[in-house]
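Have a look at protein.cif below; it lists mmCIF, C-alpha atoms and all ligand atoms.
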```cif
data_final
#
loop_
_atom_site.label_atom_id
_atom_site.label_comp_id
_atom_site.auth_asym_id
_atom_site.auth_seq_id
_atom_site.Cartn_x
_atom_site.Cartn_y
_atom_site.Cartn_z
CA MET A 1 3.71 -107.34 44.82
CA LYS A 2 1.67 -104.44 43.49
CA ILE A 3 2.12 -104.20 39.75
CA LEU A 4 1.04 -101.30 37.58
CA VAL A 5 -0.03 -102.57 34.14
CA LEU A 6 -0.07 -99.98 31.36
CA ASN A 7 -1.56 -100.14 27.88
CA SER A 8 -0.60 -96.87 26.20
CA GLY A 9 -2.29 -95.86 22.95
CA SER A 10 -1.93 -92.69 20.92
CA SER A 11 -4.65 -90.79 22.79
CA SER A 12 -5.30 -92.98 25.83
CA VAL A 13 -3.55 -94.79 28.64
CA LYS A 14 -5.33 -97.76 30.22
CA PHE A 15 -4.02 -98.79 33.62
CA GLN A 16 -4.58 -101.48 36.23
CA VAL A 17 -3.04 -102.18 39.61
CA ILE A 18 -2.79 -105.91 40.18
CA GLU A 19 -1.58 -107.59 43.34
CA THR A 20 0.13 -110.87 42.56
CA ASP A 21 3.19 -113.00 43.27
CA LEU A 22 4.21 -116.63 42.69
CA GLU A 23 1.95 -117.94 45.46
CA ARG A 24 -1.09 -115.98 44.33
CA MET A 25 -0.48 -117.01 40.71
CA ASN A 26 -0.38 -120.70 41.61
CA ALA A 27 -3.56 -120.39 43.65
CA HIS A 28 -5.22 -118.26 40.91
CA GLU A 29 -5.68 -115.56 43.54
CA ASP A 30 -4.26 -112.51 41.82
CA ARG A 31 -6.26 -109.43 42.78
CA THR A 32 -7.16 -106.45 40.62
CA LEU A 33 -7.11 -103.47 43.00
CA ALA A 34 -8.16 -100.87 40.42
CA THR A 35 -8.62 -100.34 36.71
CA GLY A 36 -8.91 -97.12 34.82
CA GLN A 37 -7.97 -95.01 31.89
CA VAL A 38 -7.05 -91.54 30.79
CA GLU A 39 -8.77 -90.76 27.48
CA LYS A 40 -8.52 -87.95 24.93
CA ILE A 41 -4.88 -87.16 25.63
CA GLY A 42 -3.95 -84.05 23.64
CA LEU A 43 -7.34 -82.39 24.10
CA ASP A 44 -8.59 -79.93 26.69
CA ASP A 45 -11.27 -82.24 28.03
CA SER A 46 -9.20 -85.33 28.79
CA ARG A 47 -11.03 -87.70 31.09
CA LEU A 48 -9.78 -90.02 33.81
CA VAL A 49 -12.01 -92.88 34.86
CA LEU A 50 -11.17 -95.02 37.88
CA ASN A 51 -12.93 -98.26 38.78
CA VAL A 52 -12.35 -99.85 42.13
CA PRO A 53 -14.06 -103.23 42.56
CA GLY A 54 -17.21 -102.85 44.65
CA ARG A 55 -17.38 -99.06 44.27
CA LYS A 56 -18.95 -96.62 41.82
CA PRO A 57 -16.65 -95.49 38.96
CA VAL A 58 -15.10 -92.06 39.48
CA ALA A 59 -14.52 -89.65 36.56
CA ASP A 60 -12.52 -86.44 36.41
CA TYR A 61 -11.76 -84.00 33.57
CA ARG A 62 -8.83 -81.71 32.78
CA GLU A 63 -6.50 -80.72 29.97
CA ILE A 64 -3.84 -83.40 29.44
CA LEU A 65 -1.49 -82.76 26.56
CA GLU A 66 0.85 -85.74 26.68
CA HIS A 67 1.44 -89.19 28.18
CA ARG A 68 3.68 -87.99 30.98
CA ALA A 69 0.94 -85.80 32.44
CA ALA A 70 -1.58 -88.62 31.93
CA ILE A 71 0.47 -91.12 33.91
CA GLU A 72 1.29 -88.59 36.65
CA TRP A 73 -2.45 -87.91 36.95
CA ALA A 74 -3.24 -91.63 37.17
CA LEU A 75 -0.56 -92.14 39.82
CA ARG A 76 -1.87 -89.21 41.85
CA VAL A 77 -5.39 -90.64 41.80
CA LEU A 78 -4.18 -94.17 42.62
CA SER A 79 -2.17 -92.80 45.57
CA ASP A 80 -4.98 -90.66 46.91
CA PRO A 81 -5.75 -91.92 50.44
CA LEU A 82 -9.46 -91.41 49.72
CA ASN A 83 -9.25 -94.14 47.06
CA GLY A 84 -7.33 -96.52 49.33
CA ILE A 85 -5.44 -98.30 46.53
CA LEU A 86 -1.80 -97.34 47.05
CA ASP A 87 -0.04 -95.90 50.09
CA GLY A 88 1.95 -93.77 47.65
CA VAL A 89 3.71 -94.28 44.35
CA ASP A 90 6.47 -96.12 46.25
CA ASP A 91 3.90 -98.85 46.81
CA ILE A 92 4.28 -99.92 43.16
CA ASP A 93 6.87 -102.68 42.89
CA ALA A 94 7.08 -102.98 39.10
CA VAL A 95 5.43 -101.84 35.89
CA GLY A 96 4.27 -104.12 33.04
CA HIS A 97 3.88 -102.50 29.63
CA ARG A 98 1.81 -103.91 26.79
CA VAL A 99 3.89 -103.58 23.64
CA VAL A 100 2.13 -104.50 20.41
CA HIS A 101 5.02 -105.53 18.17
CA GLY A 102 8.18 -107.33 19.14
CA GLY A 103 8.99 -108.42 15.57
CA GLU A 104 11.37 -111.36 15.42
CA ALA A 105 13.44 -109.86 18.22
CA PHE A 106 11.24 -110.90 21.15
CA ALA A 107 9.82 -114.35 21.82
CA SER A 108 9.05 -113.63 25.48
CA SER A 109 8.59 -110.79 27.96
CA VAL A 110 11.71 -108.86 29.00
CA ILE A 111 13.00 -106.16 31.32
CA MET A 112 13.11 -102.86 29.44
CA THR A 113 16.77 -101.86 29.18
CA PRO A 114 18.04 -99.14 26.80
CA ASP A 115 18.92 -101.93 24.32
CA VAL A 116 15.41 -103.41 24.51
CA VAL A 117 13.84 -99.98 24.07
CA GLN A 118 15.94 -99.44 20.97
CA GLN A 119 14.88 -102.80 19.53
CA ILE A 120 11.22 -101.94 20.20
CA GLU A 121 11.80 -98.64 18.39
CA GLU A 122 13.21 -100.59 15.45
CA CYS A 123 10.01 -102.70 15.40
CA SER A 124 7.98 -99.48 15.00
CA VAL A 125 8.21 -99.80 11.22
CA LEU A 126 6.07 -102.96 11.61
CA ALA A 127 3.49 -101.27 13.86
CA PRO A 128 3.77 -97.52 13.25
CA LEU A 129 0.46 -96.74 14.96
CA HIS A 130 1.12 -98.80 18.08
CA ASN A 131 4.75 -99.16 19.13
CA PRO A 132 5.50 -95.39 19.27
CA PRO A 133 2.65 -94.66 21.76
CA ASN A 134 3.57 -97.83 23.71
CA LEU A 135 7.05 -96.35 24.08
CA ARG A 136 5.74 -92.90 24.98
CA GLY A 137 3.84 -94.57 27.82
CA TYR A 138 7.01 -96.37 28.93
CA GLN A 139 9.07 -93.17 28.88
CA ALA A 140 6.42 -91.35 30.91
CA ALA A 141 6.15 -94.19 33.43
CA TYR A 142 9.93 -94.49 33.69
CA ALA A 143 10.17 -90.76 34.44
CA ALA A 144 7.63 -91.16 37.25
CA LEU A 145 8.92 -94.50 38.56
CA PRO A 146 12.64 -94.69 37.73
CA ASP A 147 13.56 -97.05 40.58
CA VAL A 148 11.31 -100.01 39.79
CA PRO A 149 11.72 -102.56 36.99
CA HIS A 150 9.71 -102.02 33.82
CA ILE A 151 8.82 -105.12 31.82
CA ALA A 152 7.67 -105.28 28.19
CA VAL A 153 5.03 -107.89 27.29
CA PHE A 154 4.48 -108.28 23.53
CA ASP A 155 1.28 -109.15 21.63
CA THR A 156 3.38 -110.97 19.05
CA ALA A 157 5.82 -112.90 21.28
CA PHE A 158 3.71 -116.00 21.91
CA HIS A 159 3.44 -116.70 18.17
CA GLN A 160 7.18 -116.58 17.56
CA THR A 161 7.21 -120.38 17.80
CA MET A 162 5.50 -120.68 14.39
CA SER A 163 7.59 -122.45 11.77
CA PRO A 164 8.53 -120.80 8.47
CA HIS A 165 6.01 -122.92 6.57
CA ALA A 166 3.29 -121.28 8.71
CA PHE A 167 4.65 -117.73 8.92
CA LEU A 168 5.98 -117.06 5.41
CA TYR A 169 3.81 -115.54 2.69
CA GLY A 170 3.99 -116.73 -0.89
CA ILE A 171 5.84 -113.63 -2.04
CA PRO A 172 9.49 -113.36 -3.13
CA PHE A 173 11.65 -114.55 -0.27
CA GLN A 174 13.86 -111.43 -0.46
CA LEU A 175 10.92 -109.37 0.82
CA TYR A 176 11.04 -111.43 4.01
CA THR A 177 14.78 -110.99 4.45
CA LYS A 178 14.71 -107.30 3.52
CA HIS A 179 11.54 -106.10 5.29
CA ALA A 180 10.73 -108.93 7.73
CA LEU A 181 7.42 -109.29 5.82
CA ARG A 182 5.83 -112.38 7.37
CA LYS A 183 2.96 -113.46 9.59
CA TYR A 184 3.45 -112.36 13.23
CA GLY A 185 0.02 -112.77 14.76
CA PHE A 186 -1.40 -110.72 17.64
CA HIS A 187 -3.55 -111.22 20.78
CA GLY A 188 -0.67 -113.43 21.99
CA THR A 189 -1.17 -112.55 25.64
CA SER A 190 -4.82 -113.51 25.42
CA HIS A 191 -4.21 -116.80 23.58
CA ARG A 192 -1.51 -117.73 26.07
CA TYR A 193 -3.65 -116.92 29.12
CA VAL A 194 -6.72 -118.70 27.77
CA ALA A 195 -4.72 -121.82 26.86
CA PHE A 196 -3.26 -121.84 30.36
CA ARG A 197 -6.51 -121.17 32.20
CA GLY A 198 -8.59 -123.57 30.08
CA SER A 199 -6.06 -126.35 30.69
CA GLN A 200 -6.05 -125.51 34.39
CA ILE A 201 -9.86 -125.83 34.55
CA LEU A 202 -9.67 -129.22 32.82
CA ASP A 203 -6.79 -130.26 35.06
CA TRP A 204 -4.66 -130.86 31.97
CA ASP A 205 -1.03 -130.26 31.33
CA LYS A 206 -1.38 -128.07 28.23
CA GLY A 207 2.06 -129.31 27.19
CA ASP A 208 0.37 -132.60 26.21
CA LYS A 209 -2.58 -131.26 24.26
CA LYS A 210 -3.73 -129.84 20.95
CA LEU A 211 -5.67 -126.67 21.64
CA ILE A 212 -7.45 -124.07 19.55
CA THR A 213 -8.01 -120.73 21.22
CA VAL A 214 -10.66 -118.47 19.66
CA HIS A 215 -10.49 -114.80 20.63
CA LEU A 216 -13.56 -112.96 19.34
CA GLY A 217 -13.71 -109.29 20.33
CA ASN A 218 -13.71 -106.22 18.12
CA GLY A 219 -10.55 -107.76 16.71
CA CYS A 220 -10.72 -111.53 16.22
CA SER A 221 -8.13 -114.28 15.92
CA LEU A 222 -7.57 -117.97 16.52
CA ALA A 223 -4.41 -119.78 17.52
CA ALA A 224 -3.43 -123.41 17.06
CA ILE A 225 -1.48 -124.38 20.17
CA ASP A 226 0.25 -127.73 19.86
CA HIS A 227 1.92 -129.04 23.02
CA GLY A 228 2.01 -125.54 24.53
CA LYS A 229 3.41 -123.77 21.48
CA SER A 230 1.58 -121.55 19.02
CA VAL A 231 2.01 -123.25 15.63
CA ASP A 232 -0.36 -121.02 13.67
CA THR A 233 -2.59 -118.00 14.16
CA SER A 234 -5.08 -116.22 11.94
CA MET A 235 -3.89 -112.60 12.16
CA GLY A 236 -0.86 -111.91 10.03
CA PHE A 237 1.68 -109.22 9.21
CA THR A 238 -1.01 -106.89 10.53
CA PRO A 239 -4.25 -107.58 12.45
CA LEU A 240 -6.19 -107.38 9.17
CA GLU A 241 -5.79 -111.04 8.17
CA GLY A 242 -8.01 -113.96 9.12
CA LEU A 243 -11.48 -113.81 10.60
CA LEU A 244 -14.17 -111.30 9.73
CA MET A 245 -14.02 -108.64 12.47
CA GLY A 246 -16.06 -105.67 13.68
CA THR A 247 -14.81 -103.35 10.93
CA ARG A 248 -11.93 -105.33 9.34
CA THR A 249 -12.19 -107.50 6.25
CA GLY A 250 -10.15 -110.47 7.45
CA ASP A 251 -9.06 -112.75 4.58
CA MET A 252 -9.76 -111.51 1.08
CA ASP A 253 -8.18 -111.79 -2.33
CA PRO A 254 -5.31 -109.25 -2.30
CA ALA A 255 -6.01 -108.53 -5.97
CA ILE A 256 -9.07 -106.57 -4.82
CA VAL A 257 -6.72 -103.78 -3.70
CA PRO A 258 -5.23 -102.89 -7.13
CA TRP A 259 -8.61 -103.53 -8.75
CA LEU A 260 -10.31 -100.94 -6.52
CA MET A 261 -7.50 -98.48 -7.06
CA ALA A 262 -7.96 -98.81 -10.82
CA MET A 263 -11.75 -99.08 -11.09
CA GLU A 264 -12.91 -96.85 -8.22
CA GLU A 265 -9.88 -94.56 -8.44
CA MET A 266 -9.35 -95.03 -4.73
CA THR A 267 -6.01 -94.05 -3.20
CA LEU A 268 -3.97 -96.52 -1.20
CA HIS A 269 -4.96 -94.66 1.94
CA GLN A 270 -8.66 -94.92 1.07
CA VAL A 271 -8.44 -98.66 0.40
CA ASN A 272 -6.54 -99.15 3.64
CA THR A 273 -9.17 -97.21 5.58
CA MET A 274 -11.94 -99.17 3.86
CA MET A 275 -10.37 -102.52 4.75
CA ASN A 276 -9.71 -101.58 8.39
CA LYS A 277 -12.58 -99.29 9.33
CA HIS A 278 -15.52 -99.74 6.95
CA SER A 279 -15.58 -103.49 6.38
CA GLY A 280 -16.23 -106.63 8.42
CA LEU A 281 -19.52 -107.01 10.29
CA TYR A 282 -20.20 -103.32 9.85
CA GLY A 283 -19.42 -103.13 6.15
CA VAL A 284 -21.36 -106.24 5.19
CA SER A 285 -24.42 -105.65 7.40
CA GLY A 286 -24.61 -101.87 7.10
CA VAL A 287 -26.05 -102.09 10.63
CA SER A 288 -23.25 -102.17 13.16
CA SER A 289 -19.85 -103.59 14.07
CA ASP A 290 -21.34 -104.63 17.40
CA MET A 291 -22.35 -108.28 17.53
CA ARG A 292 -25.18 -107.57 20.00
CA GLU A 293 -26.87 -105.21 17.54
CA LEU A 294 -26.32 -107.67 14.70
CA VAL A 295 -27.93 -110.52 16.62
CA GLU A 296 -30.94 -108.29 17.35
CA ALA A 297 -31.19 -107.11 13.74
CA ARG A 298 -31.13 -110.64 12.30
CA ALA A 299 -33.78 -111.70 14.80
CA ASP A 300 -35.88 -108.84 13.33
CA GLY A 301 -35.35 -110.31 9.84
CA HIS A 302 -32.56 -108.01 8.61
CA GLN A 303 -30.98 -110.02 5.78
CA ARG A 304 -27.62 -108.33 5.57
CA ALA A 305 -27.20 -108.60 9.34
CA ASP A 306 -27.98 -112.29 8.95
CA VAL A 307 -25.43 -112.86 6.21
CA ALA A 308 -22.75 -110.92 8.13
CA PHE A 309 -23.45 -113.11 11.17
CA ARG A 310 -23.23 -116.28 9.05
CA MET A 311 -19.99 -115.14 7.41
CA PHE A 312 -18.51 -114.46 10.83
CA CYS A 313 -19.38 -117.89 12.21
CA TYR A 314 -18.47 -119.71 8.99
CA ARG A 315 -14.96 -118.33 9.06
CA VAL A 316 -14.48 -119.33 12.69
CA LYS A 317 -15.59 -122.86 11.76
CA LYS A 318 -13.26 -122.98 8.73
CA TYR A 319 -10.27 -121.96 10.84
CA ILE A 320 -11.14 -124.51 13.55
CA GLY A 321 -11.14 -127.17 10.84
CA ALA A 322 -7.91 -125.86 9.36
CA TYR A 323 -6.11 -125.84 12.69
CA ALA A 324 -7.34 -129.31 13.61
CA ALA A 325 -5.88 -130.44 10.27
CA ALA A 326 -2.64 -128.56 10.94
CA MET A 327 -2.20 -130.23 14.34
CA GLY A 328 -3.58 -133.66 13.40
CA GLY A 329 -6.55 -133.30 15.76
CA VAL A 330 -7.86 -131.11 18.53
CA ASP A 331 -8.38 -131.90 22.22
CA ALA A 332 -10.09 -128.66 23.18
CA VAL A 333 -11.36 -125.35 21.84
CA PHE A 334 -11.44 -122.36 24.18
CA PHE A 335 -13.64 -119.35 23.35
CA THR A 336 -12.87 -115.89 24.71
CA GLY A 337 -13.31 -112.14 24.03
CA GLY A 338 -16.51 -110.08 24.20
CA ILE A 339 -18.24 -112.20 21.54
CA GLY A 340 -16.67 -115.55 22.47
CA GLU A 341 -17.64 -115.11 26.12
CA ASN A 342 -21.09 -113.64 25.62
CA SER A 343 -22.63 -114.93 22.41
CA PRO A 344 -24.08 -118.45 22.59
CA GLU A 345 -25.46 -117.92 19.04
CA VAL A 346 -22.01 -117.41 17.56
CA ARG A 347 -20.57 -120.40 19.43
CA GLU A 348 -23.44 -122.62 18.35
CA TRP A 349 -23.17 -121.63 14.67
CA ALA A 350 -19.38 -121.83 14.62
CA LEU A 351 -19.38 -125.30 16.18
CA GLY A 352 -22.44 -126.72 14.43
CA GLY A 353 -21.61 -129.72 12.24
CA LEU A 354 -18.26 -130.41 13.86
CA GLU A 355 -19.48 -133.64 15.50
CA TYR A 356 -17.27 -135.57 13.06
CA MET A 357 -14.31 -133.87 14.78
CA GLY A 358 -15.56 -135.07 18.15
CA ILE A 359 -17.17 -131.76 19.15
CA GLU A 360 -20.66 -132.17 20.61
CA VAL A 361 -22.12 -128.99 22.04
CA ASP A 362 -24.64 -129.14 24.87
CA THR A 363 -26.97 -126.52 23.44
CA GLU A 364 -28.78 -125.89 26.73
CA ILE A 365 -25.60 -125.25 28.68
CA ASN A 366 -24.20 -123.17 25.83
CA ALA A 367 -27.33 -121.02 25.77
CA THR A 368 -27.00 -120.12 29.43
CA LEU A 369 -23.24 -119.59 29.64
CA VAL A 370 -22.86 -115.85 29.20
CA GLY A 371 -19.94 -113.98 30.71
CA GLY A 372 -18.64 -116.82 32.84
CA GLU A 373 -16.19 -119.68 32.81
CA GLY A 374 -17.30 -123.21 31.94
CA GLU A 375 -17.63 -126.13 29.58
CA ILE A 376 -20.26 -126.19 26.82
CA THR A 377 -19.71 -129.70 25.42
CA THR A 378 -21.60 -132.85 26.45
CA GLU A 379 -20.10 -135.53 28.70
CA ASP A 380 -19.53 -137.74 25.64
CA SER A 381 -17.83 -135.10 23.55
CA ARG A 382 -14.37 -136.33 22.52
CA ALA A 383 -13.05 -132.78 22.18
CA ARG A 384 -13.95 -130.34 24.94
CA VAL A 385 -15.13 -126.78 24.38
CA LEU A 386 -14.83 -124.20 27.13
CA VAL A 387 -15.61 -120.54 27.56
CA VAL A 388 -12.68 -118.85 29.29
CA PRO A 389 -12.91 -115.09 29.92
CA THR A 390 -9.60 -113.56 28.89
CA ASN A 391 -7.47 -111.36 31.10
CA GLU A 392 -4.59 -109.78 29.25
CA GLU A 393 -3.69 -107.42 32.10
CA LYS A 394 -3.41 -110.31 34.52
CA THR A 395 -1.11 -112.13 32.09
CA ILE A 396 1.05 -109.00 31.84
CA ALA A 397 1.22 -108.75 35.66
CA ARG A 398 2.09 -112.44 35.90
CA ASP A 399 4.83 -112.04 33.29
CA VAL A 400 6.31 -109.27 35.43
CA VAL A 401 6.49 -111.75 38.31
CA ARG A 402 7.93 -114.47 36.05
CA VAL A 403 10.58 -112.21 34.53
CA LEU A 404 11.62 -110.88 37.95
CA ASN A 405 11.86 -114.42 39.32
CA GLY A 406 13.76 -115.67 36.27
CA ILE A 407 11.07 -118.21 35.35
CA MET A 408 9.73 -116.67 32.16
CA PRO A 409 9.56 -119.60 29.75
CA THR A 410 11.60 -119.02 26.63
CA PHE A 411 10.98 -121.06 23.53
CA GLU A 412 13.56 -122.14 21.02
CA PRO A 413 13.06 -120.07 17.88
CA PRO A 414 12.01 -122.20 14.91
CA GLU A 415 14.54 -123.36 12.36
CA THR A 416 15.79 -120.54 10.17
CA VAL A 417 15.56 -120.49 6.42
CA THR A 418 18.69 -119.47 4.62
CA PRO A 419 18.22 -117.40 1.50
P1 LIG B 501 -12.07 -105.56 22.26
O1 LIG B 501 -11.53 -106.43 21.16
O2 LIG B 501 -12.20 -104.12 21.88
O3 LIG B 501 -11.43 -105.80 23.60
P2 LIG B 501 -14.34 -106.99 23.36
O4 LIG B 501 -13.55 -108.22 23.66
O5 LIG B 501 -14.88 -106.19 24.49
O6 LIG B 501 -13.58 -106.02 22.36
O7 LIG B 501 -15.57 -107.46 22.42
C1 LIG B 501 -16.44 -106.55 21.86
C2 LIG B 501 -17.50 -107.33 21.09
O8 LIG B 501 -18.17 -108.21 22.01
C3 LIG B 501 -18.56 -106.48 20.43
O9 LIG B 501 -18.83 -106.96 19.12
C4 LIG B 501 -19.78 -106.73 21.31
O10 LIG B 501 -20.96 -106.62 20.59
C5 LIG B 501 -19.55 -108.17 21.70
N1 LIG B 501 -20.41 -108.53 22.83
C6 LIG B 501 -20.37 -108.11 24.11
N2 LIG B 501 -21.41 -108.62 24.82
C7 LIG B 501 -22.12 -109.38 23.95
C8 LIG B 501 -23.32 -110.19 24.04
N3 LIG B 501 -23.97 -110.30 25.19
N4 LIG B 501 -23.74 -110.83 22.92
C9 LIG B 501 -23.08 -110.73 21.76
N5 LIG B 501 -21.96 -110.01 21.62
C10 LIG B 501 -21.48 -109.35 22.68
#
```
Show me the file's structure as structure tokens.
Amino acid sequence: MKILVLNSGSSSVKFQVIETDLERMNAHEDRTLATGQVEKIGLDDSRLVLNVPGRKPVADYREILEHRAAIEWALRVLSDPLNGILDGVDDIDAVGHRVVHGGEAFASSVIMTPDVVQQIEECSVLAPLHNPPNLRGYQAAYAALPDVPHIAVFDTAFHQTMSPHAFLYGIPFQLYTKHALRKYGFHGTSHRYVAFRGSQILDWDKGDKKLITVHLGNGCSLAAIDHGKSVDTSMGFTPLEGLLMGTRTGDMDPAIVPWLMAMEEMTLHQVNTMMNKHSGLYGVSGVSSDMRELVEARADGHQRADVAFRMFCYRVKKYIGAYAAAMGGVDAVFFTGGIGENSPEVREWALGGLEYMGIEVDTEINATLVGGEGEITTEDSRARVLVVPTNEEKTIARDVVRVLNGIMPTFEPPETVTP
């Protein structure tokens, strides 16, 4: 099957065409035929970039005012005989849509029916910046491809197996029942894929193991995956909680918010912007949110870059320890994301001193594993550590196949708490 995977943001649509089916999935032979994006939607110099493996990227510019025109443009380019990707739009068998927030309504991927679309709309209050553009992308794609199934794949769904003791906050319970204020967690597609792929490399049935997946990109999160189910994750009600990130604070004392509003006379909006855009690696170092630049700066003796780097790694280590405690041990840790895949320094610092947990890093192998798949622990290490490049689009395409074949695993929701 040829599956169009769409990730629709407010001013961009990222797309991929992936060829996969049950056989290819089992053999790990799914093929990405093309990737691309339309950027700056709403402006007069919108740009489309198309990457076809083995060829030079192609870019084109025009005025694109809304998602419908963006997706029509992408489909035209993908169907252009000169690009040799699709024989026409009819060549697309199904569309997979990344949807950020499925709230408590969705614990797995689903076919987008009018009911499902309405429920996603209702979840918009939880992700006002993300779900509405996700839905605009769906509506545009549905208009262009009304005869194929459209499947929603949620960032939050994988973590719906968390129990109330892990997902509730210590605030009055009525705020949970009234506003669904709780931990949801994000990056679910990545954690799920990496847990699956890491277990496949080790020839393990992940259903038997205690895994910690560590996704370190611009946004960062960990998940504790016990016997195949996410039992805890570091992002929360929003992606702000947990690890230090490129520009986000991660965990901090919530009392800082009212304190800043009183002492610095900052508005709620200003504090929110500060916590999401001006903090994290960037805010602490004053150098950059980009880990590559930070690693270079600390090598040049930049002290704030050094402390930001240490804070970043220290938090990863603390969460690994916390999740091993939560699960009563850990069999493997899988690193992924731009930083997890490419930064031996971060992996070494985050894992240093965890020998008592059975983690023994082979520093030479770790130092050379950049951008690939492989193990970085020694032969004697009781717990294994692997680097597993993530592939969220592939997971979305595979979910399309699973949903259409009726084999999408569904998990029992956790026990409910009655008020
Ligand atoms: P996103 O979360 O936006 O998908 P990525 O997963 O691409 O982000 O990760 C981006 C991060 O990965 C940036 O901080 C970047 O500096 C970091 N990164 C990429 N390559 C390297 C590298 N070779 N060494 C250290 N960090 C890297």
Around all the atoms of ligand LIG 501 (chain B) listed in the file, with 4 Å of room on each side, what axis-aligned box do you get, giving centre and edge lengths in Å to one decimal, as lines of an AutoDock Vina configuration file?
```
center_x = -17.7
center_y = -107.5
center_z = 22.2
size_x = 20.5
size_y = 14.7
size_z = 14.1
```
Grab the atom CA of Leu75 of chain A to atom CA of Tyr193 of chain A distance for me, in Å with one decimal place. 27.2 Å
Pro53 of chain A: which residues within 12 Å, counting only C-alpha atoms, same-chain residues fewer than 5 positions away excluded, as a ChimeraX atom specification? /A:16-18,31-36,58,83-85
Shell around segment 313-324 of chain A at 7 Å using all atoms listed in the file, local window under 6 positions removed, as a count of residues only: 7
Using all atoms listed in the file, find each protein or nucleic acid residue lying at most 12 Å from ligand LIG 501 (chain B); present the set as a PyMOL selection string. chain A and resi 186-187+190+214-221+239+244-248+280-282+288-297+309+312+335-347+367-372+389-393
Which of A:Ile71, A:Val284, A:Met112, A:Ala255 sits closest to Val89 of chain A [using only C-alpha atoms]: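 Closest to Val89 of chain A of all the choices is A:Ile71.
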Which residue gives the smallest distance to Ile3 of chain A among A:Leu82, A:Leu386, A:Val52, A:Ala94, with all atoms listed in the file counted? A:Ala94
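As for atom CA of Gly374 of chain A and atom CA of Ser199 of chain A, they are spaced 11.7 Å apart.
With distances restricted to only C-alpha atoms, A:Glu375 is the closest residue to Phe334 of chain A from A:Glu375, A:Glu348, A:Asp21, A:Glu66.
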